[in-house]
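Peer 1: Sending over final04.txt (compact mmCIF, C-alpha atoms).
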```txt
# COMPACT_ATOMS: atom_id res chain seq x y z
CA MET A 237 239.32 292.98 -74.85
CA SER A 238 237.03 295.30 -72.97
CA ALA A 239 234.00 296.92 -74.60
CA ALA A 240 233.58 299.47 -71.82
CA ARG A 241 236.01 302.25 -71.11
CA TYR A 242 238.49 301.65 -68.31
CA PHE A 243 237.54 304.73 -66.27
CA ASP A 244 233.79 303.93 -66.50
CA LEU A 245 234.42 300.43 -65.18
CA VAL A 246 236.67 301.61 -62.35
CA ARG A 247 234.19 304.32 -61.31
CA GLU A 248 231.41 301.74 -60.87
CA MET A 249 233.58 299.20 -59.03
CA ARG A 250 233.72 299.04 -55.27
CA ASP A 251 237.32 297.79 -55.47
CA ALA A 252 239.25 298.03 -58.77
CA TYR A 253 242.18 295.96 -57.50
CA ASN A 254 241.45 292.86 -59.59
CA HIS A 255 240.83 294.89 -62.73
CA ARG A 256 244.17 296.69 -62.36
CA LEU A 257 245.91 293.39 -61.70
CA ARG A 258 244.62 292.02 -65.01
CA LEU A 259 245.75 295.27 -66.69
CA VAL A 260 249.31 294.92 -65.32
CA HIS A 261 249.60 291.23 -66.29
CA TYR A 262 248.36 291.98 -69.80
CA ALA A 263 250.86 294.88 -70.15
CA ARG A 264 253.78 292.71 -69.00
CA ARG A 265 252.78 290.00 -71.47
CA GLU A 266 251.66 291.99 -74.51
CA GLY A 267 253.13 295.43 -74.00
CA ILE A 268 251.93 298.84 -72.80
CA LYS A 269 250.20 300.11 -75.97
CA PRO A 270 248.32 296.82 -76.67
CA ALA A 271 247.19 296.87 -73.03
CA ALA A 272 245.92 300.45 -73.41
CA ARG A 273 243.94 299.48 -76.51
CA ALA A 274 242.60 296.29 -74.92
CA PHE A 275 241.41 298.00 -71.73
CA ALA A 276 240.15 301.18 -73.44
CA THR A 277 242.42 303.47 -71.49
CA THR A 278 245.46 305.68 -72.03
CA VAL A 279 249.15 304.75 -72.18
CA PRO A 280 250.07 306.92 -69.12
CA THR A 281 247.48 305.06 -67.06
CA VAL A 282 248.98 301.69 -67.96
CA ARG A 283 252.48 302.98 -67.21
CA LYS A 284 251.36 304.36 -63.80
CA TRP A 285 249.95 301.04 -62.57
CA LEU A 286 252.80 299.03 -64.08
CA ARG A 287 255.33 301.28 -62.32
CA ARG A 288 253.50 300.98 -58.99
CA TYR A 289 253.38 297.22 -59.36
CA GLN A 290 257.12 297.06 -60.05
CA GLN A 291 257.96 299.32 -57.10
CA GLN A 292 255.44 298.21 -54.44
CA GLY A 293 254.15 294.88 -55.57
CA LEU A 294 250.50 293.96 -55.16
CA SER A 295 249.93 296.64 -52.51
CA GLY A 296 250.72 299.30 -55.11
CA LEU A 297 247.52 298.41 -56.98
CA ARG A 298 245.35 299.54 -54.03
CA GLU A 299 243.62 302.91 -54.11
CA HIS A 300 245.71 305.59 -52.40
CA SER A 301 244.25 308.39 -50.32
CA ARG A 302 243.55 311.58 -52.25
CA ALA A 303 243.80 313.77 -49.15
CA HIS A 304 246.33 316.56 -48.95
CA HIS A 305 249.65 315.68 -47.35
CA ARG A 306 249.47 318.81 -45.22
CA CYS A 307 246.71 321.25 -44.21
CA PRO A 308 247.70 324.92 -43.97
CA HIS A 309 244.61 325.67 -41.82
CA GLN A 310 245.13 322.85 -39.31
CA THR A 311 244.32 323.71 -35.68
CA PRO A 312 247.52 324.41 -33.72
CA LEU A 313 248.49 321.66 -31.32
CA ALA A 314 248.28 323.95 -28.26
CA ILE A 315 244.65 324.91 -29.00
CA GLU A 316 243.78 321.29 -29.73
CA GLN A 317 245.18 320.26 -26.34
CA GLN A 318 243.19 323.08 -24.71
CA VAL A 319 239.96 321.85 -26.33
CA ILE A 320 240.66 318.30 -25.14
CA ALA A 321 241.39 319.46 -21.58
CA LEU A 322 238.21 321.54 -21.43
CA ARG A 323 236.14 318.61 -22.64
CA GLN A 324 237.58 316.34 -19.97
CA LYS A 325 237.01 318.95 -17.27
CA LEU A 326 233.53 320.07 -18.42
CA PRO A 327 231.97 317.07 -20.16
CA THR A 328 228.44 318.56 -20.08
CA PHE A 329 229.38 321.75 -21.94
CA GLY A 330 228.61 321.86 -25.64
CA ALA A 331 230.98 323.07 -28.36
CA SER A 332 229.21 326.41 -28.87
CA ARG A 333 229.23 327.12 -25.14
CA LEU A 334 232.93 326.31 -24.79
CA LYS A 335 233.75 328.53 -27.77
CA ARG A 336 231.71 331.39 -26.31
CA GLU A 337 232.81 331.22 -22.68
CA PHE A 338 236.51 330.46 -23.27
CA ASP A 339 236.89 332.55 -26.44
CA LEU A 340 238.33 329.68 -28.47
CA PRO A 341 239.66 330.78 -31.91
CA LEU A 342 237.96 328.00 -33.90
CA SER A 343 234.46 327.03 -34.97
CA HIS A 344 232.14 324.71 -33.06
CA MET A 345 232.42 322.21 -35.93
CA ALA A 346 236.21 322.12 -35.51
CA ILE A 347 235.74 321.50 -31.78
CA HIS A 348 233.41 318.60 -32.57
CA ARG A 349 235.97 317.21 -35.02
CA ILE A 350 238.72 317.27 -32.37
CA TRP A 351 236.43 315.57 -29.84
CA ARG A 352 235.48 312.91 -32.37
CA GLN A 353 239.11 312.20 -33.31
CA HIS A 354 240.02 311.65 -29.65
CA GLY A 355 236.90 309.64 -28.74
CA LEU A 356 235.48 312.30 -26.42
CA ILE A 357 231.91 312.32 -27.77
CA ARG A 358 229.61 310.26 -25.59
CA LYS A 359 226.62 308.53 -27.09
CA ARG A 360 223.38 310.09 -25.88
CA ARG A 361 221.58 307.78 -23.51
CA LYS A 362 218.02 306.78 -24.21
CA LYS A 363 215.25 308.05 -21.98
CA TYR A 364 214.52 304.60 -20.54
CA GLN A 365 218.20 304.23 -19.63
CA ARG A 366 218.19 307.54 -17.74
CA LYS A 367 215.01 306.49 -15.94
CA GLN A 368 216.66 303.23 -14.91
CA ASP A 369 219.60 305.16 -13.46
CA LEU A 370 217.23 307.43 -11.55
CA ALA A 371 215.20 304.48 -10.30
CA ALA A 372 218.39 302.90 -8.95
CA VAL A 373 219.15 306.08 -7.01
CA LYS A 374 215.61 306.28 -5.58
CA ALA A 375 215.83 302.63 -4.57
CA THR A 376 218.40 303.66 -1.94
CA TRP A 377 216.02 306.15 -0.29
CA ARG A 378 214.33 305.32 2.98
CA LEU A 379 210.59 304.74 3.25
CA PHE A 380 208.53 307.94 3.45
CA GLN A 381 211.48 310.16 2.69
CA GLN A 382 209.59 312.08 0.00
CA ILE A 383 206.06 312.37 -1.37
CA SER A 384 205.47 313.89 -4.83
CA ALA A 385 202.15 315.71 -5.20
CA ASP A 386 200.45 317.15 -8.27
CA THR A 387 197.06 317.72 -9.89
CA LYS A 388 195.61 316.26 -13.08
CA ASP A 389 192.89 317.71 -15.33
CA LEU A 390 190.19 315.14 -16.05
CA CYS A 391 188.28 317.26 -18.58
CA ASP A 392 190.57 316.22 -21.47
CA ILE A 393 189.79 312.47 -21.24
CA PRO A 394 187.30 311.66 -24.05
CA HIS A 395 185.74 308.62 -22.36
CA PHE A 396 185.34 310.29 -18.97
CA TRP A 397 184.30 313.83 -19.91
CA PRO A 398 180.70 313.12 -21.10
CA GLN A 399 180.05 311.18 -17.90
CA ALA A 400 181.51 313.99 -15.82
CA GLU A 401 179.20 316.51 -17.50
CA ARG A 402 176.13 314.32 -17.04
CA LEU A 403 176.76 313.24 -13.44
CA ARG A 404 178.63 316.32 -12.14
CA LEU A 405 181.76 314.23 -11.56
CA PRO A 406 184.96 315.99 -10.44
CA ARG A 407 187.19 317.70 -12.98
CA VAL A 408 190.49 317.75 -11.09
CA GLN A 409 192.43 314.92 -9.48
CA TYR A 410 194.75 315.57 -6.53
CA THR A 411 197.51 312.96 -6.35
CA ALA A 412 200.24 312.19 -3.82
CA ARG A 413 202.69 309.33 -4.31
CA GLU A 414 205.36 308.09 -1.91
CA VAL A 415 208.51 307.83 -4.02
CA ARG A 416 210.25 304.82 -2.45
CA SER A 417 207.33 302.40 -2.42
CA GLY A 418 205.01 304.01 -4.98
CA LEU A 419 202.11 304.19 -2.48
CA LEU A 420 199.19 306.17 -3.95
CA PHE A 421 196.85 308.65 -2.26
CA TRP A 422 194.33 310.64 -4.29
CA ALA A 423 191.22 312.80 -4.00
CA PHE A 424 188.99 314.80 -6.33
CA ALA A 425 187.54 318.28 -6.66
CA GLN A 426 185.70 320.47 -9.15
CA ARG A 427 188.61 322.88 -9.61
CA ARG A 428 192.14 323.64 -8.54
CA SER A 429 192.32 325.70 -5.37
CA ALA A 430 194.64 326.33 -2.48
CA ALA A 431 191.89 325.31 -0.07
CA ALA A 432 191.37 321.92 -1.76
CA SER A 433 195.11 321.16 -1.86
CA SER A 434 195.37 322.15 1.82
CA VAL A 435 192.56 319.80 2.80
CA PHE A 436 194.12 317.00 0.74
CA ALA A 437 197.58 317.41 2.28
CA ALA A 438 196.22 317.76 5.82
CA ARG A 439 194.14 314.60 5.37
CA VAL A 440 197.12 312.56 4.12
CA GLN A 441 199.33 313.95 6.91
CA ARG A 442 196.80 312.96 9.61
CA HIS A 443 196.55 309.50 8.09
CA LEU A 444 200.32 309.00 8.04
CA ASP A 445 200.74 310.33 11.56
CA ARG A 446 197.97 308.03 12.80
CA TYR A 447 199.90 304.98 11.60
CA GLY A 448 203.34 305.90 12.87
CA VAL A 449 205.03 307.76 10.00
CA SER A 450 207.48 310.43 11.19
CA LEU A 451 206.27 313.68 9.63
CA ARG A 452 209.45 315.54 10.61
CA ASP A 453 211.49 313.28 8.33
CA LEU A 454 209.05 313.60 5.42
CA ALA A 455 209.31 316.06 2.50
CA TRP A 456 206.53 316.96 0.06
CA GLN A 457 207.62 317.93 -3.45
CA THR A 458 205.30 319.93 -5.72
CA ASP A 459 205.47 322.17 -8.76
CA ASN A 460 204.97 325.93 -8.62
CA GLY A 461 201.22 325.96 -9.21
CA ALA A 462 199.08 328.50 -7.34
CA GLU A 463 197.37 325.68 -5.45
CA PHE A 464 200.68 324.64 -3.86
CA ILE A 465 202.79 327.76 -3.26
CA GLY A 466 200.65 329.10 -0.39
CA SER A 467 200.65 332.62 1.00
CA TYR A 468 201.13 334.62 4.22
CA ASP A 469 198.53 336.01 6.60
CA PRO A 470 198.76 339.56 8.08
CA GLN A 471 200.81 338.16 10.99
CA GLY A 472 203.40 336.73 8.57
CA ARG A 473 202.46 333.07 9.06
CA ARG A 474 202.29 330.62 6.18
CA THR A 475 198.85 329.65 4.95
CA GLY A 476 197.49 327.23 2.39
CA PHE A 477 199.28 324.08 1.30
CA PRO A 478 202.65 324.67 3.07
CA ALA A 479 200.88 325.34 6.38
CA SER A 480 198.87 322.10 6.12
CA LEU A 481 202.08 320.04 5.98
CA GLY A 482 202.84 320.74 9.62
CA PRO A 483 206.40 319.68 10.53
CA SER A 484 207.09 318.21 7.07
CA GLU A 485 209.30 320.03 4.59
CA HIS A 486 207.90 321.55 1.39
CA LEU A 487 210.13 321.32 -1.71
CA ARG A 488 209.30 323.14 -4.97
CA ILE A 489 210.83 322.04 -8.25
CA PRO A 490 212.65 324.54 -10.51
CA PRO A 491 210.55 326.11 -13.29
CA ALA A 492 210.01 323.84 -16.32
CA ALA A 493 211.78 320.90 -14.59
CA HIS A 494 208.97 318.48 -15.38
CA THR A 495 211.09 315.36 -14.93
CA TYR A 496 211.39 316.13 -11.22
CA GLN A 497 207.76 314.97 -10.88
CA SER A 498 208.18 311.78 -12.90
CA ASP A 499 206.81 309.53 -10.14
CA VAL A 500 203.46 311.27 -9.86
CA GLU A 501 203.23 311.97 -13.60
CA THR A 502 203.65 308.24 -14.23
CA VAL A 503 200.65 307.59 -11.99
CA HIS A 504 198.60 310.11 -13.96
CA ARG A 505 199.31 308.19 -17.16
CA LEU A 506 198.51 304.84 -15.53
CA VAL A 507 195.20 305.88 -13.99
CA GLU A 508 194.08 307.38 -17.29
CA ASP A 509 194.91 304.18 -19.19
CA GLU A 510 193.73 301.70 -16.56
CA PHE A 511 190.82 303.52 -14.91
CA PHE A 512 189.33 306.58 -16.64
CA ASP A 513 189.57 305.13 -20.18
CA LEU A 514 187.94 301.85 -19.12
CA GLU A 515 185.33 302.51 -16.42
CA SER A 516 181.79 303.80 -16.82
CA PHE A 517 179.77 305.36 -14.00
CA THR A 518 176.08 305.82 -13.19
CA SER A 519 176.40 308.06 -10.11
CA ARG A 520 178.88 310.02 -8.03
CA GLY A 521 178.82 307.32 -5.39
CA GLU A 522 179.76 304.64 -7.91
CA PHE A 523 182.60 306.83 -9.19
CA LEU A 524 184.05 307.17 -5.70
CA ALA A 525 183.61 303.47 -4.95
CA LYS A 526 185.38 302.43 -8.15
CA ALA A 527 188.15 304.96 -7.53
CA HIS A 528 188.66 303.46 -4.07
CA THR A 529 188.69 299.94 -5.52
CA TYR A 530 191.34 300.90 -8.10
CA GLN A 531 193.42 302.54 -5.38
CA LEU A 532 193.30 299.33 -3.32
CA TYR A 533 194.34 297.36 -6.38
CA PHE A 534 197.19 299.78 -7.11
CA ASN A 535 198.54 299.77 -3.55
CA LEU A 536 198.05 296.11 -2.65
CA ALA A 537 198.04 293.99 -5.78
CA ARG A 538 199.48 295.80 -8.81
CA LEU A 539 203.13 294.85 -9.43
CA ASN A 540 205.54 297.58 -10.55
CA SER A 541 208.20 296.39 -13.01
CA HIS A 542 210.41 299.41 -12.19
CA LYS A 543 210.44 298.45 -8.50
CA GLY A 544 211.44 294.81 -8.73
CA ASN A 545 207.96 293.54 -9.70
CA GLN A 546 206.59 294.37 -6.26
CA SER A 547 203.46 296.19 -5.18
CA PRO A 548 203.72 299.22 -2.87
CA TRP A 549 202.46 297.17 0.07
CA GLN A 550 205.07 294.46 -0.54
CA ILE A 551 207.83 297.11 -0.53
CA ILE A 552 206.48 298.58 2.71
CA GLU A 553 206.36 295.11 4.28
CA GLN A 554 209.95 294.52 3.21
CA LEU A 555 211.31 297.86 4.50
CA ALA A 556 209.06 298.26 7.57
CA PRO A 557 207.63 294.83 8.46
CA ARG A 558 205.61 296.15 11.43
CA SER A 559 203.64 298.68 9.37
CA PRO A 560 199.85 298.19 9.52
CA LEU A 561 197.88 297.41 6.38
CA GLU A 562 195.62 300.41 7.11
CA LEU A 563 198.50 302.61 5.94
CA CYS A 564 197.53 301.75 2.34
CA LEU A 565 193.77 302.15 2.75
CA LEU A 566 193.08 305.89 2.91
CA PRO A 567 190.03 306.21 0.60
CA PRO A 568 189.59 309.00 -1.95
CA VAL A 569 187.05 311.74 -1.19
CA PHE A 570 185.44 314.75 -2.84
CA LEU A 571 187.43 317.63 -1.39
CA ASP A 572 184.65 320.13 -2.10
CA TYR A 573 182.62 318.66 0.78
CA TYR A 574 185.38 319.63 3.21
CA ILE A 575 185.59 323.27 2.13
CA ASN A 576 183.36 325.93 3.67
CA ASP A 577 181.10 328.04 1.46
CA ARG A 578 183.11 331.19 2.16
CA GLY A 579 186.17 329.92 0.29
CA GLY A 580 189.51 331.60 0.79
CA TYR A 581 193.07 330.37 1.16
CA ASP A 582 192.86 329.49 4.85
CA LEU A 583 192.29 325.98 6.08
CA PRO A 584 188.51 325.54 5.93
CA SER A 585 186.26 324.78 8.84
CA TYR A 586 184.56 321.40 9.11
CA PRO A 587 180.74 321.55 9.14
CA TYR A 588 179.03 319.14 11.45
CA TRP A 589 177.66 317.03 8.59
CA THR A 590 181.13 316.05 7.34
CA GLN A 591 181.41 313.85 10.41
CA VAL A 592 178.79 311.62 8.75
CA VAL A 593 181.15 311.15 5.81
CA GLU A 594 184.08 310.28 8.06
CA ASN A 595 182.06 307.67 9.96
CA TRP A 596 180.86 305.92 6.81
CA LEU A 597 184.32 306.01 5.20
CA ALA A 598 185.83 304.54 8.36
CA GLN A 599 183.37 301.65 8.19
CA SER A 600 184.15 301.05 4.52
CA ARG A 601 187.89 301.17 5.19
CA SER A 602 187.56 298.68 8.06
CA PHE A 603 185.49 296.39 5.86
CA ALA A 604 188.01 296.56 3.00
CA THR A 605 190.86 295.80 5.41
CA CYS A 606 189.17 292.64 6.65
CA GLU A 607 188.38 291.49 3.13
CA PHE A 608 191.96 292.00 1.87
CA LEU A 609 193.41 290.22 4.86
CA ALA A 610 191.08 287.30 4.15
CA ILE A 611 191.82 286.96 0.41
CA ARG A 612 195.48 287.99 0.28
CA SER A 613 197.79 285.04 -0.35
CA GLY A 614 201.31 286.19 -1.23
CA SER A 615 200.90 288.73 -4.05
CA HIS A 616 197.81 287.09 -5.62
CA VAL A 617 194.37 288.67 -5.35
CA ASP A 618 191.30 286.80 -6.62
CA SER A 619 189.31 288.92 -9.08
CA THR A 620 185.96 287.46 -7.85
CA ARG A 621 186.68 288.47 -4.28
CA PHE A 622 187.83 291.84 -5.54
CA SER A 623 184.43 292.42 -7.16
CA LEU A 624 182.71 291.46 -3.90
CA ILE A 625 184.73 294.12 -2.12
CA PHE A 626 183.66 296.68 -4.69
CA ASN A 627 179.95 295.78 -4.43
CA SER A 628 179.95 296.01 -0.65
CA ALA A 629 181.96 299.22 -0.60
CA PHE A 630 179.73 300.67 -3.29
CA TRP A 631 176.42 300.43 -1.40
CA ARG A 632 178.10 301.81 1.71
CA LEU A 633 179.44 304.85 -0.17
CA GLU A 634 176.22 305.29 -2.14
CA MET A 635 174.21 305.40 1.08
CA CYS A 636 176.82 307.73 2.59
CA PHE A 637 176.40 310.26 -0.20
CA ASP A 638 172.62 309.98 -0.17
CA VAL A 639 172.73 310.97 3.49
CA LEU A 640 175.29 313.65 2.73
CA PHE A 641 173.22 315.30 0.00
CA TRP A 642 170.08 315.18 2.15
CA VAL A 643 171.81 316.78 5.14
CA ALA A 644 173.47 319.38 2.93
CA SER A 645 170.15 320.35 1.35
CA VAL A 646 168.52 320.66 4.80
CA GLU A 647 171.36 322.85 6.01
CA LEU A 648 171.15 325.03 2.89
CA ARG A 649 167.42 325.58 3.40
CA MET A 650 168.06 326.47 7.04
CA ARG A 651 170.69 329.01 6.06
CA ASN A 652 168.39 330.58 3.49
CA ALA A 653 165.60 330.78 6.08
CA LEU A 654 167.92 332.66 8.43
```
Kindly transcribe the structure held in the file into structure tokens.

Peer 2:
Amino acid sequence: MSAARYFDLVREMRDAYNHRLRLVHYARREGIKPAARAFATTVPTVRKWLRRYQQQGLSGLREHSRAHHRCPHQTPLAIEQQVIALRQKLPTFGASRLKREFDLPLSHMAIHRIWRQHGLIRKRRKKYQRKQDLAAVKATWRLFQQISADTKDLCDIPHFWPQAERLRLPRVQYTAREVRSGLLFWAFAQRRSAAASSVFAARVQRHLDRYGVSLRDLAWQTDNGAEFIGSYDPQGRRTGFPASLGPSEHLRIPPAAHTYQSDVETVHRLVEDEFFDLESFTSRGEFLAKAHTYQLYFNLARLNSHKGNQSPWQIIEQLAPRSPLELCLLPPVFLDYYINDRGGYDLPSYPYWTQVVENWLAQSRSFATCEFLAIRSGSHVDSTRFSLIFNSAFWRLEMCFDVLFWVASVELRMRNAL
């Protein structure tokens, strides 16, 4: 009846139930030996399935488990209960750690098997799911509860680096981001230094204090870079970045805890994709003007999908309706112009010519405020009006830096003459 051997057919079948059923019916009708010859199998095999069919019916033709009926090396019930209790009490501990710290007399694979049998292994959450959980926690924070600050190297951006070399553009970006609203403040310098970070923090602090933010209730979080940790003077007083924060608290993240700075690191990725990889510059003044324009776009118009599709200014309006728009308009600067030529870790002095910069930046900020108030309708910003803002701000900043370089060169010649 069958050209192929019985065992070859059964081995290739996913379920041999129907084949065995035909074997049993043929044996009952024709006999055991004719069935063995017809199905190319042995007489004991036919007798086994015929006996099972007679004793158990159709269910006897199903494949039975080949596992042992007992396991001499099975984990004792008391140890199994101990493993289950430890897992429920310490769900973040791994199997190897539990075995090591509690001296369990079984392998880490056996511990995993016990956890799996009792449904105690949790599926690892994806990164985006963990970020959503963290975003939900931060959404309960109050406005200006914490600012995350960090620096970003600009010399590893292929599109920006040739321009930076040709035009002497800055190589380091100093970034501060308010966690609750996502409000962005940034500045630029030629290198990382404690003096530059101190100037940056002091400038942001003065700006926030000017517009009614309580500095005593504000905390700045940074990593453990040399530009942020500060030092002590001979009298034992703090210097550098921590001293420039005034009454605000300085928090430092644990070593290698990079996710603690996720808010500011996200900004670094965004500005590289949306600004440095797209824009081209012809002068330092144009670079600063475009950086200011992007900052205005980021703070006033750009919607954040992780914050309910709202811009930072919309969140500030919702949480503190009486906040002035000027809170979002602190322009970026070149921090090197604020640092004296002697260097050091102390807060630098302010040469008389930096007042020229402040006056021109104040005029540009006032102009930008008026323009945004005129064009802002809900959350929509017209791109044509946005370009007009940039053009006007650009010639103001370009003229500002022309004056700045001229005054600086005059002062340098006077110093050399002395």

Peer 1: Using all atoms listed in the file, which protein or nucleic acid residues come within 6 Å of stretch 409-426 of chain A? Drop anything in the same chain fewer than 3 positions from it, and give the result as a short mmCIF file (atom, residue, chain, number, x, y, z; two decimals) with C-alpha atoms, keeping the file's coordinate frame.

Peer 2:
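Below is the file that was written, result-v6.cif:
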```cif
data_model
loop_
_atom_site.label_atom_id
_atom_site.label_comp_id
_atom_site.auth_asym_id
_atom_site.auth_seq_id
_atom_site.Cartn_x
_atom_site.Cartn_y
_atom_site.Cartn_z
CA LEU A 379 210.59 304.74 3.25
CA GLN A 382 209.59 312.08 0.00
CA ILE A 383 206.06 312.37 -1.37
CA SER A 384 205.47 313.89 -4.83
CA ALA A 385 202.15 315.71 -5.20
CA ASP A 386 200.45 317.15 -8.27
CA THR A 387 197.06 317.72 -9.89
CA LYS A 388 195.61 316.26 -13.08
CA PRO A 406 184.96 315.99 -10.44
CA VAL A 500 203.46 311.27 -9.86
CA ASN A 535 198.54 299.77 -3.55
CA PRO A 548 203.72 299.22 -2.87
CA ILE A 551 207.83 297.11 -0.53
CA PRO A 568 189.59 309.00 -1.95
CA VAL A 569 187.05 311.74 -1.19
CA PHE A 570 185.44 314.75 -2.84
CA LEU A 571 187.43 317.63 -1.39
CA ASP A 572 184.65 320.13 -2.10
#
```

Peer 1: Hey, what's within 12 Å of A:Gln317 if we count only C-alpha atoms and toss same-chain stuff fewer than 4 positions away? As JSON, numbers by chain, please?

Peer 2: {"A": [311, 312, 313, 321, 322, 323, 324, 340, 347, 350, 351, 354]}

Peer 1: I'd like the interatomic distance between atom CA of A:Lys284 and atom CA of A:His304, to a tenth of an Å.

Peer 2: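 The value is 19.9 Å.
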
Peer 1: Name the residues in contact with A:Asp392 at a cut-off of 12 Å, using only C-alpha atoms, excluding same-chain residues fewer than 5 positions from it; report them as a VMD selection string.

Peer 2: chain A and resid 397 to 398 400 407 to 408 508 512 to 513

Peer 1: Could you jot down the atom CA of A:Gln310 to atom CA of A:Ala346 separation for me, Å, one decimal place?

Peer 2: 9.7 Å

Peer 1: So which residues touch A:Arg520 within 7 Å, counting only C-alpha atoms, skipping near sequence neighbours fewer than 3 positions away, as a PDB file with C-alpha atoms, in the frame of the given file?

Peer 2:
```pdb
ATOM      1  CA  LEU A 403     176.760 313.240 -13.440  1.00  0.00           C
ATOM      2  CA  LEU A 405     181.760 314.230 -11.560  1.00  0.00           C
ATOM      3  CA  PHE A 523     182.600 306.830  -9.190  1.00  0.00           C
ATOM      4  CA  LEU A 524     184.050 307.170  -5.700  1.00  0.00           C
TER       5      LEU A 524
END
```

Peer 1: Would you pick out the contacts of stretch 394-396 of chain A at 9 Å or less, using all atoms listed in the file, so that residues sharing its chain but fewer than 3 positions from it are not included, and give the list as a PyMOL selection string?

Peer 2: chain A and resi 390-391+399-401+512-517

Peer 1: Have a look at A:Leu481, A:Gly330, A:Ala252, A:Arg241 and name the one nearest to A:Ala274; count only C-alpha atoms.

Peer 2: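 Of A:Leu481, A:Gly330, A:Ala252, A:Arg241, the one nearest A:Ala274, counting only C-alpha atoms, is A:Arg241.
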
Peer 1: Considering all atoms listed in the file, can you say which of A:Ala462, A:Val260, A:Arg273, A:Pro557 comes closest to A:Leu286?

Peer 2: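 Once distances to A:Leu286 are computed over all atoms listed in the file, the minimum belongs to A:Val260.
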
Peer 1: Compute the distance from (234.5, 325.1, -23.1) to each atom, counting all atoms listed in the file, keep the residues with any atom at most 12 Å away, and return them as a CSV table (one decimal) with C-alpha atoms, in the coordinates of the input; use the coordinates of the file.

Peer 2:
```
chain,number,residue,atom,x,y,z
A,315,ILE,CA,244.6,324.9,-29.0
A,318,GLN,CA,243.2,323.1,-24.7
A,319,VAL,CA,240.0,321.8,-26.3
A,320,ILE,CA,240.7,318.3,-25.1
A,321,ALA,CA,241.4,319.5,-21.6
A,322,LEU,CA,238.2,321.5,-21.4
A,323,ARG,CA,236.1,318.6,-22.6
A,324,GLN,CA,237.6,316.3,-20.0
A,325,LYS,CA,237.0,319.0,-17.3
A,326,LEU,CA,233.5,320.1,-18.4
A,327,PRO,CA,232.0,317.1,-20.2
A,328,THR,CA,228.4,318.6,-20.1
A,329,PHE,CA,229.4,321.8,-21.9
A,330,GLY,CA,228.6,321.9,-25.6
A,331,ALA,CA,231.0,323.1,-28.4
A,332,SER,CA,229.2,326.4,-28.9
A,333,ARG,CA,229.2,327.1,-25.1
A,334,LEU,CA,232.9,326.3,-24.8
A,335,LYS,CA,233.8,328.5,-27.8
A,336,ARG,CA,231.7,331.4,-26.3
A,337,GLU,CA,232.8,331.2,-22.7
A,338,PHE,CA,236.5,330.5,-23.3
A,339,ASP,CA,236.9,332.6,-26.4
A,340,LEU,CA,238.3,329.7,-28.5
A,341,PRO,CA,239.7,330.8,-31.9
A,342,LEU,CA,238.0,328.0,-33.9
A,344,HIS,CA,232.1,324.7,-33.1
A,347,ILE,CA,235.7,321.5,-31.8
A,348,HIS,CA,233.4,318.6,-32.6
A,351,TRP,CA,236.4,315.6,-29.8
```

Peer 1: Taking all atoms listed in the file into account, which of A:Ala263, A:Ala437, A:Leu444, A:Val449 comes nearest A:Phe464?

Peer 2: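 Closest to A:Phe464, using all atoms listed in the file: A:Ala437.
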
Peer 1: How many Å lie between atom CA of A:Gly355 and atom CA of A:His300, rounded to one decimal?

Peer 2: 25.6 Å

Peer 1: Taking into account all atoms listed in the file, which residue in the set A:Thr502, A:Gln457, A:Ser467, A:Ser434 is nearest to A:Ile489?

Peer 2: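 Selected residue with least distance to A:Ile489: A:Gln457.
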
Peer 1: Could you check which of A:Leu257, A:Val435, A:Ser484, A:Asp389 is closest to A:Glu501, using all atoms listed in the file?

Peer 2: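 Closest to A:Glu501 of all the choices is A:Asp389.
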